[in-house]
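J.: The structure's right below; bear with me while I get my questions together.
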Amino acid sequence: MPRGLKILVVVLAIAVIAGLISLQPLRRRIRRLGESRSADEQARHAVLAPPISTPTDVTVKAQIFWAAGPDNVAPVEVDLALSADPVERSRQLLQALIANPLTEEQRTLPAETTLSAFYLAPDGTAVADFSDAIASGLPSGILSEEMAVNSIARTLESNVPGLRRLKILIHGQEVDTLAGNVDLTGFFDLNSVPASPTAAATMSSPPEHANQER
Amino acid sequence: MLCAVRNSLFSLACLLVVGSAVLLLRARPTRSSPQEEPQSTPEPAPPPTPPATPSGPVIVLDPAHGGTDTGARGEGGVAEKDIVLRMMRTVREQLALQGYRVVATRRDDSNPSYDDRAAVANAYRDAIFISLHVASTGTSGTVRAYYDQFSVPLSTESASPVLGIKALAQPSSPLVLWDEAQRPYLDASHRLADVIQNQLARSFPGSPTVSTGAAVRTLRSVMAPAVAVETSSISKSKPDALTGAAGPISSAIAAGIVALRQSNGAEAR
């Protein structure tokens, strides 16, 4: 066998062995990357949704609407430092709604959800812009989606005076539905009179306070 | 002689080409309309339309989701889209046996748009739209009936100035905005949902006794009484238990239709 060919075979053999050796750490690294995604998500959450404090913060008993069983939401009174500014106040409340449920069963919005922006128009129209996780992490279904919207709408209307209606955006865009069922193209009325006495008696009680205006 | 043979062969070839083209055209799949039979999934022929109630309403059954939109997911990859399709078949058979004309917005694993689903009901003068769903959550074994939720009508100052067409939605106009199509039927939908929910509460203990209003996207453009029925839940119940709910749901729907027609008749009088 010519000397050059021998050298080539040796080089190739070394390359194959090196490849095989590096394959295992590579697989471990890929696995580790996958596992650290949730940690990254939490870190991102901490960066994007840092605690909001304003000079006008006063600790009050706020009513946060979390799940009270599998079928309905109910207010839970919590001590929360809330701003006098309605926009900051709304952001503080929605952050608490996402981040502070006492148990996982109380959660109505996915833990990875972040509030990207919150706007308030002079006519009382509130616009809440959430990250994609609110849709991608929410179980599909009319009930779960209605509970999610209802927890947002009722938490805002119970703690922020002057809000008239709510628009929910996802990633800065108007979307057709939250997770395939509940319509997000319109506005949800806040602080409104119940649409009908019958609806007010429903056990999940989403409609009367979160009616949608189109 | 040779010329005659050549001509014959040419004629034969032409005939073959034309015949093949005709066969191909006949066999080519046409765009599947919601009422058509599935192209891929074989299914028993729908029950014949009973002549007993030729003037009765057409029941439009809408199995939610479909195609790449699986809807709620359960253990082992169970998908809402498949369960509601099976439920639709049972409900359709049972309602047909009771003399109702029944059509479906989908009969296979397709995913018509919300507007296409609504269009099936809107094509009939007298229709009732029932959308079938399975929830991801909720107390297992309970079923909820939803009607669409609109709030107070838009005041002129809150209407978008861009939408000069809003004027078309005024009662004096015969034109109806597609996005507002359900609004005139809210009362009928609410009454229908209440009767259905009341019946469901008897068959499924733990279910609410009155219906729920919610902004259900699929109901918004339906120009007919429209109700969504959602069974809980895909995460806790076995698929057979969920599809087994279709029987009592059929009875509840039938009771709702009868009650709605009676109340409409009483109002007309």
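Chain lettering (A, B, ...) mirrors the order of the structure tokens, residue numbering begins at 1 for each chain separately, and ligand numbering begins at 1 in order of display.
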Chain B residues within 9 Å of chain A, counting only C-alpha atoms: which ones, as a PyMOL selection string?
T.: chain B and resi 65+69+71-73+133-139+144+146+149-154+179-180+194+208-218+220+230+232
J.: Give me a file of those residues, with C-alpha atoms, as a JSON list (two decimals), in the first residue's frame.
T.:
```
[["chain", "number", "residue", "atom", "x", "y", "z"],
["B", 65, "HIS", "CA", -61.86, 22.01, 14.94],
["B", 69, "ASP", "CA", -56.45, 22.14, 14.45],
["B", 71, "GLY", "CA", -58.62, 21.25, 19.59],
["B", 72, "ALA", "CA", -58.20, 19.92, 23.13],
["B", 73, "ARG", "CA", -55.74, 17.05, 23.60],
["B", 133, "HIS", "CA", -66.99, 20.66, 21.62],
["B", 134, "VAL", "CA", -64.98, 18.78, 24.22],
["B", 135, "ALA", "CA", -63.21, 20.80, 26.91],
["B", 136, "SER", "CA", -59.67, 20.41, 28.19],
["B", 137, "THR", "CA", -60.83, 21.24, 31.68],
["B", 138, "GLY", "CA", -63.91, 21.26, 33.86],
["B", 139, "THR", "CA", -65.58, 18.74, 36.12],
["B", 144, "ARG", "CA", -72.35, 23.06, 29.18],
["B", 146, "TYR", "CA", -73.23, 28.26, 25.44],
["B", 149, "GLN", "CA", -72.48, 36.89, 24.00],
["B", 150, "PHE", "CA", -72.90, 40.34, 22.55],
["B", 151, "SER", "CA", -73.02, 43.32, 24.84],
["B", 152, "VAL", "CA", -75.00, 46.49, 24.41],
["B", 153, "PRO", "CA", -75.08, 47.61, 20.78],
["B", 154, "LEU", "CA", -72.27, 49.87, 19.69],
["B", 179, "ASP", "CA", -69.75, 39.60, 11.92],
["B", 180, "GLU", "CA", -73.07, 40.70, 13.40],
["B", 194, "ASP", "CA", -81.33, 27.29, 28.39],
["B", 208, "PRO", "CA", -75.16, 23.97, 35.39],
["B", 209, "THR", "CA", -78.92, 24.35, 35.19],
["B", 210, "VAL", "CA", -78.81, 27.46, 33.05],
["B", 211, "SER", "CA", -76.78, 28.15, 29.95],
["B", 212, "THR", "CA", -73.73, 30.37, 29.75],
["B", 213, "GLY", "CA", -73.12, 33.34, 27.50],
["B", 214, "ALA", "CA", -69.65, 33.46, 26.00],
["B", 215, "ALA", "CA", -67.95, 35.02, 23.00],
["B", 216, "VAL", "CA", -67.75, 31.76, 21.07],
["B", 217, "ARG", "CA", -66.17, 32.56, 17.73],
["B", 218, "THR", "CA", -67.92, 29.88, 15.72],
["B", 220, "ARG", "CA", -70.81, 34.82, 15.69],
["B", 230, "GLU", "CA", -69.11, 21.43, 25.40],
["B", 232, "SER", "CA", -65.86, 18.02, 30.06]]
```
J.: DSSP says strand (DSSP E or B) for which residues of range 76-132 of chain A? Put them as a list in words?
T.: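 Here are the strand (DSSP E or B) residues of range 76-132 of chain A: Val76, Glu77, Val78, Asp79, Leu80, Ala81, Leu82, Leu115, Ser116, Ala117, Phe118, Tyr119, Leu120, Thr125, Ala126, Val127, Ala128, Asp129 and Phe130 of chain A.
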J.: Looking at B:Ser207, B:Ser235, B:Gln199, B:Gln98, which one is nearest to Pro248 in chain B, with distances taken over only C-alpha atoms?
T.: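 Among the listed residues, the smallest separation from Pro248 in chain B belongs to B:Gln199.
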J.: Counting only C-alpha atoms, what is within 8 Å of Thr142 in chain B, bar same-chain residues fewer than 6 positions away, as number ranges by chain?
T.: B: 201, 204-207, 231-233
J.: Could you give me, as number ranges by chain, each residue of range 11-206 of chain A that DSSP assigns to alpha helix (DSSP H) when run on this structure's backbone?
T.: A: 11-48, 86-99, 133-136, 142-159, 197-200
J.: For Leu242 in chain B, list every protein, DNA or RNA residue within 10 Å, evaluated using only C-alpha atoms, and leave out those in the same chain fewer than 2 positions away; present the list as a PyMOL selection string.
T.: chain B and resi 80+83-84+86-87+134+140-141+231-234+236-240+244-246
J.: Excluding Ala81 in chain A and residues on its chain fewer than 3 positions from it, collect all residues at most 7 Å away from it, counting only C-alpha atoms, and give them as an MDAnalysis selection string.
T.: chainID A and resid 57:60
J.: Would you mind exporting the chosen residues as a PDB file, in the first residue's frame, restricted to N, CA and C atoms?
T.:
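Below is the file again.pdb, written as the result:
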```pdb
ATOM      1  N   ASP A  57     -47.506  53.930  45.251  1.00  0.00           N
ATOM      2  CA  ASP A  57     -47.967  52.603  45.692  1.00  0.00           C
ATOM      3  C   ASP A  57     -48.495  52.633  47.130  1.00  0.00           C
ATOM      4  N   VAL A  58     -49.649  52.045  47.316  1.00  0.00           N
ATOM      5  CA  VAL A  58     -50.230  51.885  48.649  1.00  0.00           C
ATOM      6  C   VAL A  58     -50.699  50.438  48.760  1.00  0.00           C
ATOM      7  N   THR A  59     -50.365  49.802  49.844  1.00  0.00           N
ATOM      8  CA  THR A  59     -50.802  48.412  50.004  1.00  0.00           C
ATOM      9  C   THR A  59     -52.288  48.380  50.350  1.00  0.00           C
ATOM     10  N   VAL A  60     -53.010  47.684  49.500  1.00  0.00           N
ATOM     11  CA  VAL A  60     -54.468  47.580  49.691  1.00  0.00           C
ATOM     12  C   VAL A  60     -54.873  46.111  49.596  1.00  0.00           C
TER      13      VAL A  60
END
```
